[in-house]
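Asker: So that we are looking at the same thing, I have put the structure below in structure tokens.
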Amino acid sequence: MYKGKKIGVVVPAYEEEGFVGGVIETVPSFVDRVYVIDDGSTDGTWREIREAASRENDASIRTMTSGGTAVFERPVVALRNGENRGVGGSIKHGYSRALRDDIDVIAVMNGDGQMDPAILDRIVDPVVEGRTDFSKGNRLLFREFREGMSRWRFFGNSLLTLLTKVASGYWKTMDPQNGYTAISAEALEAIEYERLYEDYGFCNDLLIALNAHDMRVADVAMPARYGEERSTIVYSRFVPRLSKLLLGRFLWRLRVKYLVFDFHPFVFLYGLGTLSSALGLAAIAQSARTARRDGAFDRLLASLLLFVAGAALLVAAMVFDMSENEHLEEQIHE
């Protein structure tokens, strides 16, 4: 128990031999249960998970026999997906088991050892204390915190941050690819997490679902931490694929939040702005060709005005969206 709440940690792992065992062994003692999920690894990840789980569970039983207390007799649960589901699928598997065990707050620590267990309390505190429904780490807030991040990784993460701000409605939240998170059981059940994307876009999709249900989120500043592990994300392929997902989920959020659950007329500004901008661009291209031939620039000017008007409508829509969601965000610097 931690501040009166049962805490669970989900550890998704794929090809993490040499790392996941250390993650299991360094989970803070205030955590009541750890759910470690092997996502169909072909190396020794599953063996390492079972061995580490056995050691930790045996130690817990010895503690209880000596007069200690524990919420669960075997605090580490080793799970394995029947097939490779992606990191999101593994996290959802862990979430379902945690909810079955009536865990109050569920955190996620990846099996690659990049998430410092010493700051887990800072990640879960906003949720445990009832200030927010969800909290996550943010490696981009301060220059010194992102020193360990390569320029290419920083560029890709910054681009995805911008796209996710628009798609999710959390305009202050950064570093959406940071999987060091904590969420309340109530929020998890409310957003129908089973429907979320199962691959590396899971974290982005989760933010969108949280916003659609007016959930409060906290961005907790933390330093980037990298070791010998290698990321399997190829940004040149990942960013375009995720951008397509974000567009679809952005439209879903607007429909659900501003047309189904409630109503706000600014949602139509997005549609009008997009239509006007697209028509303006098409007209500019056509007018530019004809203007060179006949010297008539009036149509080109009108096309430019149409595009500018569309862009202004889009900016206005974003400002309204930002205003509607400002009260749902909190940034924690220390």
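How things are named: the first chain in the structure tokens is A, the next is B, and so on; residues count from 1 in each chain; ligands count from 1 in the order shown.
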Any chance you could list, as a list of chain:residue names, the residues in segment 211-325 of chain A that come up strand (DSSP E or B) when DSSP is run on the backbone?
Answerer: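 Listing strand (DSSP E or B) positions across segment 211-325 of chain A yields A:Val217, A:Ala218, A:Asp219, A:Val220, A:Ala221.
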Asker: Could the residues in this selection be saved with N, CA and C atoms as a PDB file, in the first residue's frame?
Answerer:
```pdb
ATOM      1  N   VAL A 217      -4.641  15.298 -16.517  1.00  0.00           N
ATOM      2  CA  VAL A 217      -3.335  14.667 -16.714  1.00  0.00           C
ATOM      3  C   VAL A 217      -2.232  15.543 -16.129  1.00  0.00           C
ATOM      4  N   ALA A 218      -1.151  14.896 -15.710  1.00  0.00           N
ATOM      5  CA  ALA A 218       0.022  15.602 -15.188  1.00  0.00           C
ATOM      6  C   ALA A 218       1.246  15.202 -15.996  1.00  0.00           C
ATOM      7  N   ASP A 219       2.082  16.183 -16.296  1.00  0.00           N
ATOM      8  CA  ASP A 219       3.344  15.980 -17.006  1.00  0.00           C
ATOM      9  C   ASP A 219       4.467  16.154 -15.985  1.00  0.00           C
ATOM     10  N   VAL A 220       5.171  15.087 -15.658  1.00  0.00           N
ATOM     11  CA  VAL A 220       6.186  15.114 -14.606  1.00  0.00           C
ATOM     12  C   VAL A 220       7.579  15.169 -15.232  1.00  0.00           C
ATOM     13  N   ALA A 221       8.309  16.241 -14.967  1.00  0.00           N
ATOM     14  CA  ALA A 221       9.653  16.398 -15.531  1.00  0.00           C
ATOM     15  C   ALA A 221      10.576  15.292 -15.029  1.00  0.00           C
TER      16      ALA A 221
END
```
Asker: Counting only C-alpha atoms, what is within 12 Å of segment 284-289 of chain A, bar same-chain residues fewer than 6 positions away, as number ranges by chain?
Answerer: A: 276-278, 295-308
Asker: Hey, can you spit out that residue selection with N, CA and C atoms as a PDB file, in the first residue's frame?
Answerer:
```pdb
ATOM      1  N   SER A 276     -11.510  25.478 -46.499  1.00  0.00           N
ATOM      2  CA  SER A 276     -11.068  26.738 -47.107  1.00  0.00           C
ATOM      3  C   SER A 276      -9.586  26.699 -47.456  1.00  0.00           C
ATOM      4  N   SER A 277      -8.777  26.143 -46.562  1.00  0.00           N
ATOM      5  CA  SER A 277      -7.337  26.064 -46.824  1.00  0.00           C
ATOM      6  C   SER A 277      -7.041  25.161 -48.017  1.00  0.00           C
ATOM      7  N   ALA A 278      -7.720  24.025 -48.082  1.00  0.00           N
ATOM      8  CA  ALA A 278      -7.493  23.095 -49.190  1.00  0.00           C
ATOM      9  C   ALA A 278      -7.921  23.708 -50.520  1.00  0.00           C
ATOM     10  N   GLY A 295      -1.233  37.136 -67.385  1.00  0.00           N
ATOM     11  CA  GLY A 295      -0.902  38.315 -66.597  1.00  0.00           C
ATOM     12  C   GLY A 295      -1.995  38.773 -65.650  1.00  0.00           C
ATOM     13  N   ALA A 296      -3.046  37.981 -65.472  1.00  0.00           N
ATOM     14  CA  ALA A 296      -4.147  38.350 -64.565  1.00  0.00           C
ATOM     15  C   ALA A 296      -3.857  37.775 -63.181  1.00  0.00           C
ATOM     16  N   PHE A 297      -3.646  38.673 -62.227  1.00  0.00           N
ATOM     17  CA  PHE A 297      -3.290  38.221 -60.886  1.00  0.00           C
ATOM     18  C   PHE A 297      -4.447  38.362 -59.890  1.00  0.00           C
ATOM     19  N   ASP A 298      -5.627  38.770 -60.349  1.00  0.00           N
ATOM     20  CA  ASP A 298      -6.740  38.951 -59.427  1.00  0.00           C
ATOM     21  C   ASP A 298      -7.203  37.616 -58.839  1.00  0.00           C
ATOM     22  N   ARG A 299      -7.246  36.569 -59.662  1.00  0.00           N
ATOM     23  CA  ARG A 299      -7.647  35.256 -59.158  1.00  0.00           C
ATOM     24  C   ARG A 299      -6.611  34.704 -58.182  1.00  0.00           C
ATOM     25  N   LEU A 300      -5.341  34.969 -58.454  1.00  0.00           N
ATOM     26  CA  LEU A 300      -4.288  34.513 -57.545  1.00  0.00           C
ATOM     27  C   LEU A 300      -4.426  35.183 -56.189  1.00  0.00           C
ATOM     28  N   LEU A 301      -4.718  36.481 -56.187  1.00  0.00           N
ATOM     29  CA  LEU A 301      -4.912  37.206 -54.933  1.00  0.00           C
ATOM     30  C   LEU A 301      -6.115  36.669 -54.171  1.00  0.00           C
ATOM     31  N   ALA A 302      -7.215  36.406 -54.897  1.00  0.00           N
ATOM     32  CA  ALA A 302      -8.413  35.861 -54.252  1.00  0.00           C
ATOM     33  C   ALA A 302      -8.125  34.483 -53.648  1.00  0.00           C
ATOM     34  N   SER A 303      -7.337  33.684 -54.346  1.00  0.00           N
ATOM     35  CA  SER A 303      -6.977  32.353 -53.844  1.00  0.00           C
ATOM     36  C   SER A 303      -6.139  32.455 -52.574  1.00  0.00           C
ATOM     37  N   LEU A 304      -5.211  33.412 -52.572  1.00  0.00           N
ATOM     38  CA  LEU A 304      -4.394  33.628 -51.379  1.00  0.00           C
ATOM     39  C   LEU A 304      -5.248  34.039 -50.191  1.00  0.00           C
ATOM     40  N   LEU A 305      -6.212  34.906 -50.433  1.00  0.00           N
ATOM     41  CA  LEU A 305      -7.110  35.351 -49.362  1.00  0.00           C
ATOM     42  C   LEU A 305      -7.939  34.190 -48.826  1.00  0.00           C
ATOM     43  N   LEU A 306      -8.393  33.301 -49.727  1.00  0.00           N
ATOM     44  CA  LEU A 306      -9.164  32.134 -49.294  1.00  0.00           C
ATOM     45  C   LEU A 306      -8.315  31.223 -48.414  1.00  0.00           C
ATOM     46  N   PHE A 307      -7.060  31.029 -48.810  1.00  0.00           N
ATOM     47  CA  PHE A 307      -6.166  30.187 -48.010  1.00  0.00           C
ATOM     48  C   PHE A 307      -5.892  30.814 -46.647  1.00  0.00           C
ATOM     49  N   VAL A 308      -5.631  32.106 -46.619  1.00  0.00           N
ATOM     50  CA  VAL A 308      -5.361  32.799 -45.353  1.00  0.00           C
ATOM     51  C   VAL A 308      -6.578  32.738 -44.436  1.00  0.00           C
TER      52      VAL A 308
END
```
Asker: At a cut-off of 12 Å, using only C-alpha atoms, what residues contact Ala182 of chain A? Leave out same-chain residues fewer than 6 positions from it and give the result as a ChimeraX atom specification.
Answerer: /A:7-10,91,95,103-109,120-128,132-137,188,203,206,217-220
Asker: Pull the helix (DSSP H, G or I) assignments for segment 56-171 of chain A out of DSSP run on the backbone, and list those residues as a VMD selection string.
Answerer: chain A and resid 56 to 65 87 to 100 117 to 128 143 to 146 151 to 168
Asker: Using only C-alpha atoms, find the one residue out of A:Met215, A:Gly82, A:Ala309, A:Glu129 that sits nearest to Leu281 of chain A.
Answerer: A:Ala309
Asker: List the neighbours of Ser158 of chain A out to 9 Å using only C-alpha atoms; skip same-chain residues closer than 3 positions along the sequence, and give me the result as a list in words.
Answerer: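 So the residues in contact are Leu140, Arg153, Phe154, Phe155, Thr161, Leu162, Leu163, Met174 and Asp175 of chain A.
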Asker: So that I can check the surroundings of Phe72 of chain A, please list as a list of chain:residue names every protein, DNA and RNA residue that reaches within 9 Å of it, counting only C-alpha atoms and ignoring chain neighbours fewer than 5 positions away.
Answerer: A:Asp32, A:Arg33, A:Ser60
Asker: Mind pulling up the distance from atom CA of Val23 of chain A to atom CA of Pro117 of chain A?
Answerer: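 Answer for the atom CA of Pro117 of chain A to atom CA of Val23 of chain A separation: 8.0 Å.
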Asker: Counting only C-alpha atoms, which of A:Pro240, A:Thr290, A:Phe202, A:Arg131 gets nearest to Glu330 of chain A?
Answerer: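 Nearest candidate to Glu330 of chain A out of A:Pro240, A:Thr290, A:Phe202, A:Arg131: A:Arg131.
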Asker: Would you mind listing what lies within 12 Å of segment 252-266 of chain A as JSON, numbers by chain, with only C-alpha atoms counted and same-chain residues fewer than 5 positions away left out?
Answerer: {"A": [166, 167, 168, 169, 170, 191, 205, 206, 207, 208, 209, 210, 211, 212, 213, 214, 215, 245, 246, 247, 271, 272, 273, 313, 314, 315, 316, 317, 318, 319, 320, 321, 322, 323, 324, 325]}
Asker: Ranking A:Leu269, A:Val20, A:Ala185, A:Leu242 by minimum distance to Ala53 of chain A and counting only C-alpha atoms, which one comes first?
Answerer: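 Among A:Leu269, A:Val20, A:Ala185, A:Leu242, it is A:Val20 that comes nearest to Ala53 of chain A.
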Asker: Near Gly111 of chain A, counting only C-alpha atoms, which residues have an atom at most 8 Å away, once you skip same-chain residues fewer than 3 positions from it, shown as a PyMOL selection string?
Answerer: chain A and resi 11-14+16+19-20+23+114
Asker: Between atom CA of Tyr2 of chain A and atom CA of Asp101 of chain A, measure the distance and give it in Å to one decimal.
Answerer: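 Distance between the two atoms: 15.9 Å.
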Asker: Go ahead and compute the interatomic distance for atom CA of Val267 of chain A and atom CA of Ala311 of chain A, in Å to one decimal.
Answerer: 14.6 Å
